[in-house]
Amino acid sequence: MSRRAVSRSQLLLALALACAPACKEGAQASSAGESDTGASTGGAPTDGDDPQLPAIGPIAGPAGAGSFRFGAASAATQIEDNNPTVDWYVWTAPAPEGLARGPFVGEAARGYTLALEDVALLQALHLDSYRFSIEWARVEPQRDVVDEQALAHYDAFIDALVAAGIRPLITLHHFSNPLWVDDPRDVACVAGPTDANLCGWNHAEGGPEVAAEFAEHAALLAARFGDRVDEWATVNEPMNYLLGAYGQTTYPPGKDAILTGTATIFIPAVRNYIAGHALAYDALHAADTVDADGDGEPALVGFTQAVGDWVPARDNQPSDDPEDIAAVQRIEYVYHALFVDAVRDGGFDPQLDGSLDEPHPEWRGKLDWLGVQYYFRAGVTSQPAVLPLVNVTPCFGTVDFGACVPPVDPSYRVPAMNYEHYPPGLYNVLTDFGARWPDLPLTVTESGIATEVGARRAEVVVRALEQIQRARDEGVDVRGYYHWSLYDNFEWALGFTPRFGLYTVDYTTYARTPGEGATVYGQIAAERRIGAERAAQYGGDGPLTAEK
């Protein structure tokens, strides 16, 4: 049985995914709020050479254009401060300025103000690459009005990364829009598309205009930054974004389609979002003609996909019932195969039934690589099937319809996110993807854990790399690992409570403090190998250090 799936954000935020958390005693917290028993990030001890312990052999070797990438990731809205032109600002700002639809993003982690200083954080970790997004709403705060100061800001940041030997991987759309794309204050859009509100990705007239505007944005960024940037991700976790924004009301603009069964909202949004990727793919390749790193490829364009390790379930136990196995296959298809197949084969599946009934030859072949973003293992059942369109029920946490299966080990539960982080699940997904699309390069563009226990984060880093190595040893083309996240940030509807950062952020002073995860990851990146001692201390398939 294959195992393909979703991500932390949508099932938790849009579908309230989770199995009930369980935790044991936590380690002693440091003054920064994370337990930290490691040395500074600059240290790199010499490990033993026990041949019985993994050392990430094929990943070893000097950093270069074609080497395995050690990186970290972030997203503009989640870290950047004070941007009233982005939809999440209005969505979360207190009334009467905003809609108060969740914790206020506000200052976030001051990642815009402190951007140049944050380059030193990456250098301290010896990382090859940084995945970040450029905020469309900053660059184009009004339709067809470009903010040159914003472009200059990102230009200086990219210069600083390149000067530090850090390769940029830029995401163009990471869950946020300019207000003029789909203003959540005017969600009904009674007046129809205007320059002030195009009515969103789902609108019959405005949706195609949004896709075209997105391609113009891509062309602008490629023209300005393509001499230093060769890797681009058009969109982030497309199904998660679309379900949160156009299927449920957890993301702006808050158009409810899934639970009401309104396919007339959701399906057009999916179609236009795929079209936006395809148009942006063409625009990036046309405008980015400089091979910045000397590997022979001026631009490599992909998108990042939410995944998870799904298991069939019934009555809160793993199930071998054919109907539950089929339910897993349906949710796997919708969450990752739908988008990938659409842009590889050139067609759309409006019924979500596995058949590309709607030809789109203009989409065919528009994918150079795929980002894999793994956080959890969870159950899915067919009885009952409460989600229209896909006719399945995933684990909903506190509202449990029998899909929530026990964790493989109690220590794998992540209380802050209400799901199970099962390290071998990353291997399961990578090998599934490698079998389905053997010619498609993969990069783990996100993986991590919400915790304030430093050893627990370090274990997740090491075990993720071990699972990547397992897949690479079996011939899966995995080209890098980007830890989520570089530092703590705004976790969408959950606000600032989950702590994903290698660096802990003090939200009073905005100081960034490295934890044990940063220490260990920095050592691995410096040596380009896990090493026997670190594998023995942090790796393997046993329990994780307990959460507090």
# chains A, B, ... in the order shown; residues from 1 in each chain; ligands from 1
>>> select_by_dssp(residues="region 317-497 of chain A", states="alpha helix (DSSP H)", output="ChimeraX atom specification")
/A:322-332,338-345,424-436,454-473
>>> write_last_selection(atoms="N, CA and C atoms", output="compact mmCIF listing (two decimals), in the first residue's frame")
# COMPACT_ATOMS: atom_id res chain seq x y z
N PRO A 322 -10.71 -3.04 2.97
CA PRO A 322 -10.49 -2.46 1.64
C PRO A 322 -11.08 -1.07 1.48
N GLU A 323 -12.19 -0.78 2.16
CA GLU A 323 -12.78 0.56 2.05
C GLU A 323 -11.90 1.61 2.69
N ASP A 324 -11.24 1.29 3.79
CA ASP A 324 -10.35 2.23 4.44
C ASP A 324 -9.06 2.41 3.65
N ILE A 325 -8.58 1.33 3.07
CA ILE A 325 -7.40 1.42 2.20
C ILE A 325 -7.72 2.32 1.01
N ALA A 326 -8.91 2.17 0.47
CA ALA A 326 -9.32 3.03 -0.65
C ALA A 326 -9.46 4.49 -0.21
N ALA A 327 -9.88 4.72 1.04
CA ALA A 327 -9.98 6.09 1.56
C ALA A 327 -8.61 6.73 1.62
N VAL A 328 -7.60 5.97 2.05
CA VAL A 328 -6.23 6.49 2.06
C VAL A 328 -5.79 6.85 0.65
N GLN A 329 -6.10 5.99 -0.30
CA GLN A 329 -5.70 6.26 -1.68
C GLN A 329 -6.37 7.52 -2.22
N ARG A 330 -7.63 7.76 -1.81
CA ARG A 330 -8.32 8.97 -2.29
C ARG A 330 -7.68 10.23 -1.71
N ILE A 331 -7.38 10.21 -0.42
CA ILE A 331 -6.82 11.42 0.17
C ILE A 331 -5.39 11.65 -0.30
N GLU A 332 -4.66 10.56 -0.53
CA GLU A 332 -3.32 10.68 -1.10
C GLU A 332 -3.38 11.33 -2.48
N LEU A 338 -2.83 15.01 -7.55
CA LEU A 338 -3.68 15.88 -8.36
C LEU A 338 -2.87 16.99 -9.02
N PHE A 339 -2.10 17.72 -8.22
CA PHE A 339 -1.33 18.85 -8.74
C PHE A 339 -0.15 18.38 -9.59
N VAL A 340 0.56 17.39 -9.10
CA VAL A 340 1.74 16.93 -9.83
C VAL A 340 1.35 16.34 -11.17
N ASP A 341 0.35 15.49 -11.18
CA ASP A 341 -0.10 14.89 -12.44
C ASP A 341 -0.62 15.95 -13.41
N ALA A 342 -1.30 16.97 -12.88
CA ALA A 342 -1.85 18.02 -13.75
C ALA A 342 -0.76 18.72 -14.54
N VAL A 343 0.36 19.05 -13.86
CA VAL A 343 1.39 19.83 -14.55
C VAL A 343 2.42 18.95 -15.25
N ARG A 344 2.44 17.67 -14.96
CA ARG A 344 3.31 16.77 -15.72
C ARG A 344 2.60 16.25 -16.98
N ASP A 345 1.32 15.96 -16.84
CA ASP A 345 0.60 15.32 -17.94
C ASP A 345 -0.27 16.29 -18.73
N PRO A 424 10.09 7.70 10.58
CA PRO A 424 10.18 6.90 9.36
C PRO A 424 9.12 7.24 8.31
N GLY A 425 8.12 8.02 8.68
CA GLY A 425 7.12 8.41 7.69
C GLY A 425 7.72 9.20 6.54
N LEU A 426 8.80 9.93 6.79
CA LEU A 426 9.46 10.67 5.72
C LEU A 426 10.03 9.71 4.68
N TYR A 427 10.65 8.65 5.13
CA TYR A 427 11.14 7.62 4.22
C TYR A 427 9.99 7.00 3.42
N ASN A 428 8.88 6.71 4.09
CA ASN A 428 7.74 6.12 3.41
C ASN A 428 7.27 7.00 2.26
N VAL A 429 7.17 8.30 2.51
CA VAL A 429 6.70 9.21 1.48
C VAL A 429 7.72 9.35 0.36
N LEU A 430 8.99 9.52 0.71
CA LEU A 430 10.01 9.69 -0.32
C LEU A 430 10.09 8.49 -1.24
N THR A 431 10.02 7.29 -0.68
CA THR A 431 10.09 6.11 -1.54
C THR A 431 8.83 5.95 -2.38
N ASP A 432 7.69 6.33 -1.84
CA ASP A 432 6.46 6.32 -2.64
C ASP A 432 6.59 7.27 -3.83
N PHE A 433 7.06 8.49 -3.56
CA PHE A 433 7.20 9.49 -4.62
C PHE A 433 8.24 9.03 -5.64
N GLY A 434 9.34 8.45 -5.15
CA GLY A 434 10.37 7.98 -6.05
C GLY A 434 9.87 6.88 -6.98
N ALA A 435 8.97 6.03 -6.48
CA ALA A 435 8.40 4.98 -7.31
C ALA A 435 7.40 5.54 -8.30
N ARG A 436 6.61 6.52 -7.87
CA ARG A 436 5.57 7.07 -8.75
C ARG A 436 6.16 7.96 -9.83
N GLY A 454 15.21 21.15 23.44
CA GLY A 454 16.28 21.17 22.46
C GLY A 454 16.68 19.81 21.96
N ALA A 455 16.81 18.83 22.86
CA ALA A 455 17.22 17.49 22.43
C ALA A 455 16.19 16.87 21.50
N ARG A 456 14.94 17.16 21.73
CA ARG A 456 13.86 16.61 20.89
C ARG A 456 13.98 17.14 19.46
N ARG A 457 14.26 18.43 19.32
CA ARG A 457 14.44 18.99 17.98
C ARG A 457 15.68 18.40 17.32
N ALA A 458 16.77 18.26 18.07
CA ALA A 458 17.99 17.68 17.51
C ALA A 458 17.73 16.26 17.02
N GLU A 459 16.94 15.50 17.76
CA GLU A 459 16.61 14.14 17.34
C GLU A 459 15.84 14.14 16.02
N VAL A 460 14.92 15.07 15.88
CA VAL A 460 14.12 15.14 14.65
C VAL A 460 15.01 15.50 13.46
N VAL A 461 15.97 16.41 13.66
CA VAL A 461 16.91 16.75 12.59
C VAL A 461 17.69 15.51 12.15
N VAL A 462 18.29 14.83 13.11
CA VAL A 462 19.13 13.67 12.77
C VAL A 462 18.30 12.57 12.14
N ARG A 463 17.13 12.31 12.68
CA ARG A 463 16.32 11.20 12.15
C ARG A 463 15.76 11.53 10.77
N ALA A 464 15.46 12.80 10.51
CA ALA A 464 15.04 13.17 9.16
C ALA A 464 16.15 12.88 8.16
N LEU A 465 17.37 13.25 8.51
CA LEU A 465 18.50 13.00 7.61
C LEU A 465 18.75 11.50 7.46
N GLU A 466 18.56 10.74 8.51
CA GLU A 466 18.71 9.29 8.39
C GLU A 466 17.68 8.71 7.43
N GLN A 467 16.43 9.18 7.52
CA GLN A 467 15.39 8.66 6.64
C GLN A 467 15.63 9.09 5.18
N ILE A 468 16.13 10.30 5.00
CA ILE A 468 16.50 10.75 3.66
C ILE A 468 17.60 9.86 3.09
N GLN A 469 18.59 9.53 3.94
CA GLN A 469 19.67 8.68 3.47
C GLN A 469 19.17 7.28 3.11
N ARG A 470 18.24 6.75 3.90
CA ARG A 470 17.64 5.45 3.56
C ARG A 470 17.05 5.50 2.15
N ALA A 471 16.30 6.56 1.87
CA ALA A 471 15.67 6.68 0.56
C ALA A 471 16.72 6.85 -0.54
N ARG A 472 17.73 7.67 -0.29
CA ARG A 472 18.78 7.86 -1.28
C ARG A 472 19.53 6.55 -1.55
N ASP A 473 19.74 5.77 -0.51
CA ASP A 473 20.43 4.49 -0.68
C ASP A 473 19.63 3.55 -1.58
>>> atom_distance(atom1="CA of Glu547 (chain A)", atom2="CA of Asn418 (chain A)")
12.6 Å
>>> closest_residue(among="A:Asp256, A:Asp159, A:Glu140, A:Glu362", to="Phe214 (chain A)", atoms="only C-alpha atoms")
A:Glu140
>>> closest_atom_pairs(of="region 101-174 of chain A", to="region 524-543 of chain A", cutoff="12 Å", atoms="only C-alpha atoms", output="CSV")
residue,atom,partner,partner_atom,distance
A:Leu122,CA,A:Ala525,CA,10.7
A:Gln123,CA,A:Ala526,CA,10.2
A:Ala124,CA,A:Ala526,CA,9.5
A:Leu125,CA,A:Ala525,CA,6.9
A:His126,CA,A:Ala526,CA,5.4
A:Leu127,CA,A:Ala525,CA,6.0
A:Asp128,CA,A:Ala525,CA,8.0
A:Ser129,CA,A:Ala525,CA,10.7
>>> select_by_dssp(residues="region 119-257 of chain A", states="strand (DSSP E)", output="VMD selection string")
chain A and resid 129 to 133 167 to 173 231 to 236
>>> atom_distance(atom1="CA of Gly347 (chain A)", atom2="CA of Asp439 (chain A)")
19.2 Å
>>> residues_around(residues="Val380 (chain A)", least_positions_apart="6", cutoff="10 Å", atoms="only C-alpha atoms", output="list of chain:residue names")
A:Trp310, A:Val311, A:Pro312, A:Ala313, A:Arg314, A:Asn316, A:Pro318, A:Ser319, A:Asp324, A:Ile325, A:Ala326, A:Ala327, A:Val328, A:Gln329, A:Ile331, A:Val392, A:Thr393, A:Pro394, A:Cys395, A:Phe396, A:Phe401, A:Gly402, A:Ala403, A:Cys404, A:Val405
>>> residues_around(residues="Ala263 (chain A)", least_positions_apart="6", cutoff="10 Å", atoms="only C-alpha atoms", output="PDB file with C-alpha atoms, in the first residue's frame")
ATOM      1  CA  TYR A 246     -11.437  28.297  -0.323  1.00  0.00           C
ATOM      2  CA  GLY A 247     -12.556  25.116   1.382  1.00  0.00           C
ATOM      3  CA  ALA A 257     -16.744  25.163   0.292  1.00  0.00           C
ATOM      4  CA  ALA A 269      -9.789  27.832  -7.236  1.00  0.00           C
ATOM      5  CA  PRO A 350     -12.557  18.495 -11.829  1.00  0.00           C
ATOM      6  CA  GLN A 351     -14.252  15.482 -10.235  1.00  0.00           C
ATOM      7  CA  PRO A 388     -17.567  15.891   0.724  1.00  0.00           C
ATOM      8  CA  LEU A 389     -15.748  15.729  -2.604  1.00  0.00           C
TER       9      LEU A 389
END
>>> atom_distance(atom1="CA of Ile265 (chain A)", atom2="CA of Gly346 (chain A)")
22.1 Å
>>> closest_residue(among="A:Leu116, A:Val453, A:Ala278, A:Val444", to="His360 (chain A)", atoms="only C-alpha atoms")
A:Ala278
>>> closest_residue(among="A:Asn272, A:Ser485, A:Ser67, A:Gln373", to="Ala212 (chain A)", atoms="only C-alpha atoms")
A:Asn272
>>> residues_around(residues="Gly480 (chain A)", least_positions_apart="6", cutoff="7 Å", atoms="only C-alpha atoms", output="ChimeraX atom specification")
/A:68-70,443-444
>>> closest_residue(among="A:Ala196, A:Ala299, A:Leu242, A:Ala72", to="Gly517 (chain A)", atoms="only C-alpha atoms")
A:Ala72
>>> closest_residue(among="A:Asp147, A:Asp320, A:Glu97, A:Glu420", to="Ala378 (chain A)", atoms="only C-alpha atoms")
A:Glu420
